[in-house]
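Enquirer: Enclosed is the structure file model_1.cif (mmCIF, C-alpha atoms).
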```
data_run
loop_
_atom_site.label_atom_id
_atom_site.label_comp_id
_atom_site.auth_asym_id
_atom_site.auth_seq_id
_atom_site.Cartn_x
_atom_site.Cartn_y
_atom_site.Cartn_z
CA MET A 1 -1.02 9.47 5.61
CA SER A 2 1.70 8.16 7.95
CA VAL A 3 4.08 9.78 10.39
CA ALA A 4 7.83 9.36 9.85
CA PHE A 5 10.25 10.07 12.69
CA PHE A 6 13.89 10.72 11.82
CA ASP A 7 16.74 10.87 14.30
CA MET A 8 19.17 13.52 13.05
CA ASP A 9 22.85 12.96 13.94
CA GLY A 10 24.22 9.87 12.22
CA THR A 11 20.84 9.16 10.62
CA ILE A 12 20.08 12.15 8.43
CA VAL A 13 23.49 13.75 8.77
CA GLY A 14 26.69 11.82 8.08
CA GLY A 15 28.29 13.06 11.26
CA ASP A 16 27.41 14.82 14.49
CA THR A 17 25.90 18.28 14.12
CA ASN A 18 27.19 19.27 17.54
CA ASP A 19 30.75 18.37 16.50
CA ILE A 20 30.36 20.27 13.25
CA SER A 21 28.77 23.38 14.72
CA ILE A 22 31.07 23.63 17.73
CA GLY A 23 34.07 23.14 15.44
CA GLU A 24 32.77 26.07 13.41
CA PHE A 25 32.34 28.14 16.56
CA VAL A 26 36.06 27.61 17.26
CA LYS A 27 37.05 28.52 13.68
CA ARG A 28 34.97 31.68 13.84
CA GLY A 29 36.36 32.74 17.21
CA ILE A 30 33.06 32.22 19.04
CA ALA A 31 34.48 29.47 21.29
CA ASP A 32 37.96 28.60 22.55
CA LYS A 33 39.57 25.48 21.08
CA SER A 34 39.69 23.90 24.58
CA ILE A 35 35.98 23.17 24.12
CA ILE A 36 36.82 20.33 21.72
CA SER A 37 38.31 17.95 24.33
CA ALA A 38 35.21 18.25 26.51
CA LEU A 39 33.01 17.70 23.45
CA ASN A 40 34.85 14.47 22.63
CA SER A 41 34.16 13.13 26.11
CA PHE A 42 30.45 13.91 25.84
CA GLU A 43 30.32 12.29 22.40
CA GLN A 44 31.75 9.03 23.69
CA GLN A 45 29.14 8.96 26.46
CA PHE A 46 26.41 9.57 23.88
CA TYR A 47 27.34 6.60 21.70
CA GLU A 48 27.64 4.38 24.77
CA GLY A 49 24.17 5.46 25.90
CA THR A 50 25.45 6.93 29.20
CA LEU A 51 25.21 10.66 28.47
CA ASN A 52 23.66 13.07 30.98
CA VAL A 53 21.86 15.11 28.37
CA SER A 54 21.22 18.12 30.60
CA ASP A 55 24.93 18.50 31.30
CA PHE A 56 25.68 18.33 27.60
CA LEU A 57 23.04 20.85 26.55
CA LYS A 58 24.22 23.44 29.06
CA PHE A 59 27.79 22.87 27.86
CA ALA A 60 26.95 23.12 24.14
CA VAL A 61 24.92 26.33 24.37
CA LYS A 62 27.55 28.34 26.28
CA PRO A 63 29.27 29.93 23.25
CA LEU A 64 25.94 31.37 22.08
CA VAL A 65 24.47 32.61 25.36
CA GLY A 66 23.59 36.30 25.17
CA MET A 67 24.32 36.62 21.45
CA ASN A 68 22.18 39.12 19.52
CA LYS A 69 19.28 37.24 17.91
CA ASP A 70 20.02 38.48 14.38
CA LYS A 71 23.67 37.47 14.65
CA LEU A 72 22.63 34.11 16.13
CA TYR A 73 20.30 33.41 13.21
CA LYS A 74 22.88 34.41 10.62
CA ILE A 75 25.65 32.29 12.13
CA LEU A 76 23.52 29.16 12.57
CA HIS A 77 21.93 29.46 9.12
CA ASP A 78 25.36 29.81 7.51
CA ILE A 79 26.93 26.93 9.46
CA VAL A 80 24.06 24.63 8.54
CA LYS A 81 24.10 25.64 4.87
CA THR A 82 27.87 25.40 4.37
CA THR A 83 28.96 22.53 6.66
CA ILE A 84 25.96 20.37 7.64
CA ILE A 85 23.68 20.14 4.60
CA PRO A 86 26.63 19.04 2.40
CA VAL A 87 27.12 15.93 4.60
CA VAL A 88 23.47 14.82 4.66
CA TYR A 89 23.35 11.18 3.60
CA PRO A 90 22.05 10.53 0.06
CA GLY A 91 19.76 7.85 1.48
CA ALA A 92 18.31 10.34 3.95
CA LYS A 93 17.47 12.73 1.12
CA ARG A 94 15.69 9.92 -0.71
CA ALA A 95 13.74 8.86 2.38
CA ILE A 96 12.67 12.43 3.18
CA LYS A 97 11.52 12.89 -0.43
CA PHE A 98 9.66 9.56 -0.29
CA HIS A 99 7.67 10.67 2.73
CA ASN A 100 7.10 14.21 1.49
CA ASP A 101 5.85 12.88 -1.85
CA ARG A 102 3.34 10.72 0.06
CA HIS A 103 2.29 13.76 2.09
CA ASP A 104 3.33 12.00 5.28
CA THR A 105 4.03 13.99 8.43
CA VAL A 106 7.84 14.14 8.61
CA VAL A 107 9.44 14.89 11.95
CA ILE A 108 13.04 15.24 13.11
CA VAL A 109 13.38 13.84 16.63
CA THR A 110 16.73 14.71 18.18
CA SER A 111 18.39 15.45 21.49
CA THR A 112 20.30 18.23 19.73
CA MET A 113 19.29 21.76 20.70
CA ASP A 114 16.20 23.14 18.99
CA TYR A 115 17.95 26.30 17.81
CA LEU A 116 20.24 24.18 15.61
CA ALA A 117 17.79 21.44 14.60
CA GLU A 118 15.25 23.98 13.35
CA HIS A 119 17.72 25.42 10.84
CA ILE A 120 18.53 21.93 9.56
CA ALA A 121 14.86 21.00 9.21
CA GLU A 122 14.12 24.22 7.32
CA GLN A 123 16.88 23.57 4.80
CA LEU A 124 15.76 19.95 4.30
CA ASP A 125 12.07 20.83 3.76
CA ILE A 126 11.00 19.13 7.00
CA LYS A 127 8.12 20.90 8.72
CA TYR A 128 8.29 19.52 12.25
CA VAL A 129 11.07 19.29 14.82
CA ILE A 130 11.08 17.61 18.22
CA ALA A 131 14.35 18.64 19.84
CA SER A 132 15.81 19.75 23.17
CA PRO A 133 14.11 23.06 24.02
CA MET A 134 16.48 25.84 25.01
CA GLU A 135 15.17 29.00 26.65
CA LYS A 136 15.22 32.28 24.74
CA LYS A 137 14.28 35.73 25.98
CA ASP A 138 13.55 38.19 23.17
CA GLY A 139 15.30 35.77 20.81
CA VAL A 140 18.44 35.60 22.95
CA LEU A 141 19.59 32.25 24.39
CA THR A 142 19.85 32.20 28.19
CA GLY A 143 21.68 28.88 28.50
CA GLU A 144 18.79 27.20 30.32
CA ILE A 145 16.68 24.19 29.27
CA CYS A 146 12.95 24.98 29.15
CA GLY A 147 11.32 21.60 28.60
CA ILE A 148 11.93 17.88 28.13
CA PRO A 149 15.00 17.04 26.00
CA ALA A 150 14.17 14.51 23.26
CA PHE A 151 16.65 11.91 24.47
CA GLN A 152 16.35 8.11 24.86
CA LYS A 153 13.00 7.22 26.50
CA ASP A 154 11.99 10.88 26.52
CA LYS A 155 11.86 10.73 22.74
CA VAL A 156 8.77 8.60 23.37
CA THR A 157 7.38 11.18 25.81
CA ARG A 158 7.87 14.02 23.34
CA ILE A 159 6.48 12.00 20.42
CA ASN A 160 3.33 11.17 22.37
CA MET A 161 2.93 14.87 23.17
CA PHE A 162 3.36 15.69 19.47
CA LEU A 163 0.83 13.06 18.36
CA LYS A 164 -1.78 14.38 20.79
CA GLU A 165 -1.14 17.99 19.79
CA HIS A 166 -1.55 17.24 16.08
CA ASN A 167 -4.28 14.59 16.41
CA LEU A 168 -2.11 11.91 14.76
CA SER A 169 -1.66 8.19 15.37
CA LEU A 170 1.19 5.70 15.07
CA GLU A 171 -0.68 3.57 12.54
CA ASP A 172 1.69 2.68 9.67
CA SER A 173 4.39 4.86 11.27
CA TYR A 174 8.07 4.89 10.30
CA GLY A 175 11.12 5.33 12.52
CA TYR A 176 14.75 5.88 11.51
CA GLY A 177 17.72 5.89 13.90
CA ASP A 178 21.33 4.79 14.27
CA THR A 179 22.15 4.23 17.98
CA VAL A 180 20.76 2.61 21.13
CA ASN A 181 19.50 6.07 22.12
CA ASP A 182 16.92 5.75 19.31
CA VAL A 183 15.60 2.33 20.28
CA PRO A 184 12.65 3.58 22.39
CA MET A 185 11.50 5.72 19.46
CA LEU A 186 12.01 2.99 16.89
CA MET A 187 10.10 0.40 18.90
CA MET A 188 7.04 2.69 18.86
CA CYS A 189 6.84 2.51 15.08
CA ASP A 190 5.37 -0.08 12.74
CA HIS A 191 8.33 0.23 10.35
CA ARG A 192 11.73 0.39 12.11
CA PHE A 193 14.98 1.18 10.33
CA ALA A 194 18.49 1.07 11.73
CA VAL A 195 20.43 3.49 9.54
CA ASN A 196 24.14 2.72 9.34
CA PRO A 197 23.86 1.44 12.94
CA ASN A 198 26.85 1.80 15.22
CA LYS A 199 28.46 -1.29 16.73
CA ILE A 200 26.55 -1.18 20.02
CA LEU A 201 23.15 -1.11 18.29
CA LEU A 202 24.20 -3.66 15.68
CA GLU A 203 25.21 -6.13 18.41
CA SER A 204 22.10 -5.57 20.54
CA ASP A 205 19.04 -7.84 20.61
CA ASP A 206 16.90 -4.90 19.49
CA ILE A 207 18.41 -4.99 16.01
CA LYS A 208 16.39 -8.15 15.30
CA ALA A 209 13.22 -6.05 15.22
CA MET A 210 14.64 -3.60 12.67
CA THR A 211 15.56 -3.38 9.02
CA VAL A 212 19.19 -2.38 8.59
CA VAL A 213 19.81 0.13 5.79
CA ASP A 214 22.86 1.89 4.36
CA TRP A 215 22.23 5.54 3.55
CA LYS A 216 25.83 6.47 2.73
CA LYS A 217 25.26 6.08 -0.98
#
```
Show me the file's structure as structure tokens.
Expert:
Amino acid sequence: MSVAFFDMDGTIVGGDTNDISIGEFVKRGIADKSIISALNSFEQQFYEGTLNVSDFLKFAVKPLVGMNKDKLYKILHDIVKTTIIPVVYPGAKRAIKFHNDRHDTVVIVTSTMDYLAEHIAEQLDIKYVIASPMEKKDGVLTGEICGIPAFQKDKVTRINMFLKEHNLSLEDSYGYGDTVNDVPMLMMCDHRFAVNPNKILLESDDIKAMTVVDWKK
């Protein structure tokens, strides 16, 4: 049995789940439309590999801080079901099924907030999530970060913690990602896949150690 690590945004999902969910927050009156311009700036920093992830996480969680836990669950579950799952790449679905059929340990590894990533994993039949941990008190988000965000080199830190916790190894491991932010994770794995890589990753020296795949169809 192997371990397969999947980045989420741009790898599993044909788009950015933060863009999608925050856009839905605006449509549903949970956030003001002015949030979109700030989101675009953070997104550009992400794809360039220059993002301060703590700043972004505290920005992204603001519309949900203090929301009743039942309302929070309902909103996130509905947004994921109606706007995110429909844009999951066909190739991602095949890869997830491949690993599940082999009884591999399948893990989403993402810098996206855990409260969103967990809903996506549940609806894709993925058991494990390594994401950016956001503090909750009695199920209510406080807006604070309560652990190590799974971003860039800290994806490696969180993966090593996960492997130790579950008594797993990297032997015959698989890694799937689409940007330079995923390179530290991918280089840990025996089988490395660049999924629809963006221009910066495609032009980097690291791409030589990866298999490039197209999951759009």
Enquirer: List the residues sitting within 12 Å of (9.8, 12.6, 23.1) in the file's frame, using only C-alpha atoms, as a PyMOL selection string.
Expert: chain A and resi 5+7+107-111+129-133+147-164+181-182+184-186+188
Enquirer: Okay, now the selection with C-alpha atoms, as a compact mmCIF listing (two decimals), in the frame of the given file?
Expert:
```txt
# COMPACT_ATOMS: atom_id res chain seq x y z
CA PHE A 5 10.25 10.07 12.69
CA ASP A 7 16.74 10.87 14.30
CA VAL A 107 9.44 14.89 11.95
CA ILE A 108 13.04 15.24 13.11
CA VAL A 109 13.38 13.84 16.63
CA THR A 110 16.73 14.71 18.18
CA SER A 111 18.39 15.45 21.49
CA VAL A 129 11.07 19.29 14.82
CA ILE A 130 11.08 17.61 18.22
CA ALA A 131 14.35 18.64 19.84
CA SER A 132 15.81 19.75 23.17
CA PRO A 133 14.11 23.06 24.02
CA GLY A 147 11.32 21.60 28.60
CA ILE A 148 11.93 17.88 28.13
CA PRO A 149 15.00 17.04 26.00
CA ALA A 150 14.17 14.51 23.26
CA PHE A 151 16.65 11.91 24.47
CA GLN A 152 16.35 8.11 24.86
CA LYS A 153 13.00 7.22 26.50
CA ASP A 154 11.99 10.88 26.52
CA LYS A 155 11.86 10.73 22.74
CA VAL A 156 8.77 8.60 23.37
CA THR A 157 7.38 11.18 25.81
CA ARG A 158 7.87 14.02 23.34
CA ILE A 159 6.48 12.00 20.42
CA ASN A 160 3.33 11.17 22.37
CA MET A 161 2.93 14.87 23.17
CA PHE A 162 3.36 15.69 19.47
CA LEU A 163 0.83 13.06 18.36
CA LYS A 164 -1.78 14.38 20.79
CA ASN A 181 19.50 6.07 22.12
CA ASP A 182 16.92 5.75 19.31
CA PRO A 184 12.65 3.58 22.39
CA MET A 185 11.50 5.72 19.46
CA LEU A 186 12.01 2.99 16.89
CA MET A 188 7.04 2.69 18.86
```
Enquirer: Once the PyMOL selection byres ((chain A and resi 146) around 12) has been applied to the shown file, what residues remain in the selection, as a VMD selection string?
Expert: chain A and resid 54 57 to 58 113 to 114 131 to 137 141 to 145 147 to 149
Enquirer: Those residues you just picked out, can you put them in a file as a PDB file, keeping the file's coordinate frame with C-alpha atoms?
Expert:
```
ATOM      1  CA  SER A  54      21.220  18.120  30.600  1.00  0.00           C
ATOM      2  CA  LEU A  57      23.040  20.850  26.550  1.00  0.00           C
ATOM      3  CA  LYS A  58      24.220  23.440  29.060  1.00  0.00           C
ATOM      4  CA  MET A 113      19.290  21.760  20.700  1.00  0.00           C
ATOM      5  CA  ASP A 114      16.200  23.140  18.990  1.00  0.00           C
ATOM      6  CA  ALA A 131      14.350  18.640  19.840  1.00  0.00           C
ATOM      7  CA  SER A 132      15.810  19.750  23.170  1.00  0.00           C
ATOM      8  CA  PRO A 133      14.110  23.060  24.020  1.00  0.00           C
ATOM      9  CA  MET A 134      16.480  25.840  25.010  1.00  0.00           C
ATOM     10  CA  GLU A 135      15.170  29.000  26.650  1.00  0.00           C
ATOM     11  CA  LYS A 136      15.220  32.280  24.740  1.00  0.00           C
ATOM     12  CA  LYS A 137      14.280  35.730  25.980  1.00  0.00           C
ATOM     13  CA  LEU A 141      19.590  32.250  24.390  1.00  0.00           C
ATOM     14  CA  THR A 142      19.850  32.200  28.190  1.00  0.00           C
ATOM     15  CA  GLY A 143      21.680  28.880  28.500  1.00  0.00           C
ATOM     16  CA  GLU A 144      18.790  27.200  30.320  1.00  0.00           C
ATOM     17  CA  ILE A 145      16.680  24.190  29.270  1.00  0.00           C
ATOM     18  CA  GLY A 147      11.320  21.600  28.600  1.00  0.00           C
ATOM     19  CA  ILE A 148      11.930  17.880  28.130  1.00  0.00           C
ATOM     20  CA  PRO A 149      15.000  17.040  26.000  1.00  0.00           C
TER      21      PRO A 149
END
```
Enquirer: Taking (2.1, -1.2, 15.6) in the file's coordinates, which residues come within 10 Å, counting all atoms listed in the file, written as JSON, numbers by chain?
Expert: {"A": [170, 171, 172, 173, 187, 188, 189, 190, 191]}
Enquirer: For the structure provided, state which residues fall under the PyMOL selection byres ((chain A and resi 40) around 12), and present them as a count of residues only.
Expert: 22
Enquirer: For the file shown, report as a PyMOL selection string the outcome of the PyMOL selection byres ((chain A and resi 76) around 12) at residue level.
Expert: chain A and resi 17-18+20-22+24-25+28+30+64+67+69-75+77-84+113-120+122-123
Enquirer: Using C-alpha atoms, can you write the selected residues to a file as a PDB file, in the frame of the given file?
Expert:
```pdb
ATOM      1  CA  THR A  17      25.900  18.280  14.120  1.00  0.00           C
ATOM      2  CA  ASN A  18      27.190  19.270  17.540  1.00  0.00           C
ATOM      3  CA  ILE A  20      30.360  20.270  13.250  1.00  0.00           C
ATOM      4  CA  SER A  21      28.770  23.380  14.720  1.00  0.00           C
ATOM      5  CA  ILE A  22      31.070  23.630  17.730  1.00  0.00           C
ATOM      6  CA  GLU A  24      32.770  26.070  13.410  1.00  0.00           C
ATOM      7  CA  PHE A  25      32.340  28.140  16.560  1.00  0.00           C
ATOM      8  CA  ARG A  28      34.970  31.680  13.840  1.00  0.00           C
ATOM      9  CA  ILE A  30      33.060  32.220  19.040  1.00  0.00           C
ATOM     10  CA  LEU A  64      25.940  31.370  22.080  1.00  0.00           C
ATOM     11  CA  MET A  67      24.320  36.620  21.450  1.00  0.00           C
ATOM     12  CA  LYS A  69      19.280  37.240  17.910  1.00  0.00           C
ATOM     13  CA  ASP A  70      20.020  38.480  14.380  1.00  0.00           C
ATOM     14  CA  LYS A  71      23.670  37.470  14.650  1.00  0.00           C
ATOM     15  CA  LEU A  72      22.630  34.110  16.130  1.00  0.00           C
ATOM     16  CA  TYR A  73      20.300  33.410  13.210  1.00  0.00           C
ATOM     17  CA  LYS A  74      22.880  34.410  10.620  1.00  0.00           C
ATOM     18  CA  ILE A  75      25.650  32.290  12.130  1.00  0.00           C
ATOM     19  CA  HIS A  77      21.930  29.460   9.120  1.00  0.00           C
ATOM     20  CA  ASP A  78      25.360  29.810   7.510  1.00  0.00           C
ATOM     21  CA  ILE A  79      26.930  26.930   9.460  1.00  0.00           C
ATOM     22  CA  VAL A  80      24.060  24.630   8.540  1.00  0.00           C
ATOM     23  CA  LYS A  81      24.100  25.640   4.870  1.00  0.00           C
ATOM     24  CA  THR A  82      27.870  25.400   4.370  1.00  0.00           C
ATOM     25  CA  THR A  83      28.960  22.530   6.660  1.00  0.00           C
ATOM     26  CA  ILE A  84      25.960  20.370   7.640  1.00  0.00           C
ATOM     27  CA  MET A 113      19.290  21.760  20.700  1.00  0.00           C
ATOM     28  CA  ASP A 114      16.200  23.140  18.990  1.00  0.00           C
ATOM     29  CA  TYR A 115      17.950  26.300  17.810  1.00  0.00           C
ATOM     30  CA  LEU A 116      20.240  24.180  15.610  1.00  0.00           C
ATOM     31  CA  ALA A 117      17.790  21.440  14.600  1.00  0.00           C
ATOM     32  CA  GLU A 118      15.250  23.980  13.350  1.00  0.00           C
ATOM     33  CA  HIS A 119      17.720  25.420  10.840  1.00  0.00           C
ATOM     34  CA  ILE A 120      18.530  21.930   9.560  1.00  0.00           C
ATOM     35  CA  GLU A 122      14.120  24.220   7.320  1.00  0.00           C
ATOM     36  CA  GLN A 123      16.880  23.570   4.800  1.00  0.00           C
TER      37      GLN A 123
END
```
Enquirer: Hey, what's within 9 Å of Asn100 in chain A if we count only C-alpha atoms and toss same-chain stuff fewer than 6 positions away? As a list in words, please?
Expert: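 Surrounding residues, per the criterion: Val106, Asp125 and Ile126 of chain A.
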Enquirer: What does the file look like for those residues with C-alpha atoms, as a PDB file, in the coordinates of the input?
Expert:
```pdb
ATOM      1  CA  VAL A 106       7.840  14.140   8.610  1.00  0.00           C
ATOM      2  CA  ASP A 125      12.070  20.830   3.760  1.00  0.00           C
ATOM      3  CA  ILE A 126      11.000  19.130   7.000  1.00  0.00           C
TER       4      ILE A 126
END
```
Enquirer: Could you add the missing atoms to range 17-38 of chain A, up to N, CA, C and O atoms, and return them as an mmCIF file, in the coordinates of the input?
Expert:
```cif
data_model
loop_
_atom_site.group_PDB
_atom_site.id
_atom_site.type_symbol
_atom_site.label_atom_id
_atom_site.label_comp_id
_atom_site.auth_asym_id
_atom_site.auth_seq_id
_atom_site.Cartn_x
_atom_site.Cartn_y
_atom_site.Cartn_z
ATOM 1 N N THR A 17 26.093 16.852 14.337
ATOM 2 C CA THR A 17 25.900 18.280 14.120
ATOM 3 C C THR A 17 26.479 19.123 15.245
ATOM 4 O O THR A 17 26.836 20.283 15.038
ATOM 5 N N ASN A 18 26.564 18.547 16.435
ATOM 6 C CA ASN A 18 27.190 19.270 17.540
ATOM 7 C C ASN A 18 28.699 19.412 17.293
ATOM 8 O O ASN A 18 29.281 20.482 17.489
ATOM 9 N N ASP A 19 29.328 18.318 16.858
ATOM 10 C CA ASP A 19 30.750 18.370 16.500
ATOM 11 C C ASP A 19 30.996 19.435 15.431
ATOM 12 O O ASP A 19 31.915 20.254 15.536
ATOM 13 N N ILE A 20 30.168 19.376 14.395
ATOM 14 C CA ILE A 20 30.360 20.270 13.250
ATOM 15 C C ILE A 20 30.172 21.732 13.676
ATOM 16 O O ILE A 20 31.000 22.594 13.379
ATOM 17 N N SER A 21 29.071 21.992 14.366
ATOM 18 C CA SER A 21 28.770 23.380 14.720
ATOM 19 C C SER A 21 29.758 23.935 15.735
ATOM 20 O O SER A 21 30.221 25.081 15.592
ATOM 21 N N ILE A 22 30.123 23.141 16.734
ATOM 22 C CA ILE A 22 31.070 23.630 17.730
ATOM 23 C C ILE A 22 32.452 23.820 17.108
ATOM 24 O O ILE A 22 33.170 24.773 17.431
ATOM 25 N N GLY A 23 32.819 22.937 16.177
ATOM 26 C CA GLY A 23 34.070 23.140 15.440
ATOM 27 C C GLY A 23 34.061 24.448 14.681
ATOM 28 O O GLY A 23 35.072 25.162 14.623
ATOM 29 N N GLU A 24 32.903 24.797 14.116
ATOM 30 C CA GLU A 24 32.770 26.070 13.410
ATOM 31 C C GLU A 24 32.823 27.255 14.374
ATOM 32 O O GLU A 24 33.357 28.307 14.048
ATOM 33 N N PHE A 25 32.258 27.069 15.564
ATOM 34 C CA PHE A 25 32.340 28.140 16.560
ATOM 35 C C PHE A 25 33.807 28.459 16.883
ATOM 36 O O PHE A 25 34.181 29.616 17.029
ATOM 37 N N VAL A 26 34.631 27.409 16.980
ATOM 38 C CA VAL A 26 36.060 27.610 17.260
ATOM 39 C C VAL A 26 36.721 28.339 16.095
ATOM 40 O O VAL A 26 37.460 29.310 16.289
ATOM 41 N N LYS A 27 36.450 27.890 14.867
ATOM 42 C CA LYS A 27 37.050 28.520 13.680
ATOM 43 C C LYS A 27 36.680 29.988 13.570
ATOM 44 O O LYS A 27 37.475 30.811 13.121
ATOM 45 N N ARG A 28 35.463 30.320 13.992
ATOM 46 C CA ARG A 28 34.970 31.680 13.840
ATOM 47 C C ARG A 28 35.257 32.547 15.068
ATOM 48 O O ARG A 28 34.817 33.699 15.136
ATOM 49 N N GLY A 29 35.980 31.977 16.032
ATOM 50 C CA GLY A 29 36.360 32.740 17.210
ATOM 51 C C GLY A 29 35.249 32.935 18.227
ATOM 52 O O GLY A 29 35.364 33.763 19.133
ATOM 53 N N ILE A 30 34.185 32.129 18.102
ATOM 54 C CA ILE A 30 33.060 32.220 19.040
ATOM 55 C C ILE A 30 33.338 31.402 20.295
ATOM 56 O O ILE A 30 32.826 31.692 21.375
ATOM 57 N N ALA A 31 34.133 30.345 20.161
ATOM 58 C CA ALA A 31 34.480 29.470 21.290
ATOM 59 C C ALA A 31 35.980 29.194 21.267
ATOM 60 O O ALA A 31 36.603 29.182 20.203
ATOM 61 N N ASP A 32 36.550 28.953 22.439
ATOM 62 C CA ASP A 32 37.960 28.600 22.550
ATOM 63 C C ASP A 32 38.165 27.151 22.137
ATOM 64 O O ASP A 32 37.289 26.294 22.359
ATOM 65 N N LYS A 33 39.312 26.842 21.572
ATOM 66 C CA LYS A 33 39.570 25.480 21.080
ATOM 67 C C LYS A 33 39.586 24.435 22.191
ATOM 68 O O LYS A 33 39.450 23.236 21.919
ATOM 69 N N SER A 34 39.710 24.849 23.451
ATOM 70 C CA SER A 34 39.690 23.900 24.580
ATOM 71 C C SER A 34 38.339 23.203 24.696
ATOM 72 O O SER A 34 38.226 22.158 25.349
ATOM 73 N N ILE A 35 37.310 23.765 24.063
ATOM 74 C CA ILE A 35 35.980 23.170 24.120
ATOM 75 C C ILE A 35 35.936 21.802 23.443
ATOM 76 O O ILE A 35 35.108 20.949 23.770
ATOM 77 N N ILE A 36 36.849 21.554 22.515
ATOM 78 C CA ILE A 36 36.820 20.330 21.720
ATOM 79 C C ILE A 36 37.071 19.080 22.564
ATOM 80 O O ILE A 36 36.416 18.054 22.381
ATOM 81 N N SER A 37 38.014 19.136 23.516
ATOM 82 C CA SER A 37 38.310 17.950 24.330
ATOM 83 C C SER A 37 37.116 17.562 25.183
ATOM 84 O O SER A 37 36.801 16.368 25.335
ATOM 85 N N ALA A 38 36.421 18.545 25.741
ATOM 86 C CA ALA A 38 35.210 18.250 26.510
ATOM 87 C C ALA A 38 34.121 17.678 25.615
ATOM 88 O O ALA A 38 33.406 16.746 26.005
#
```
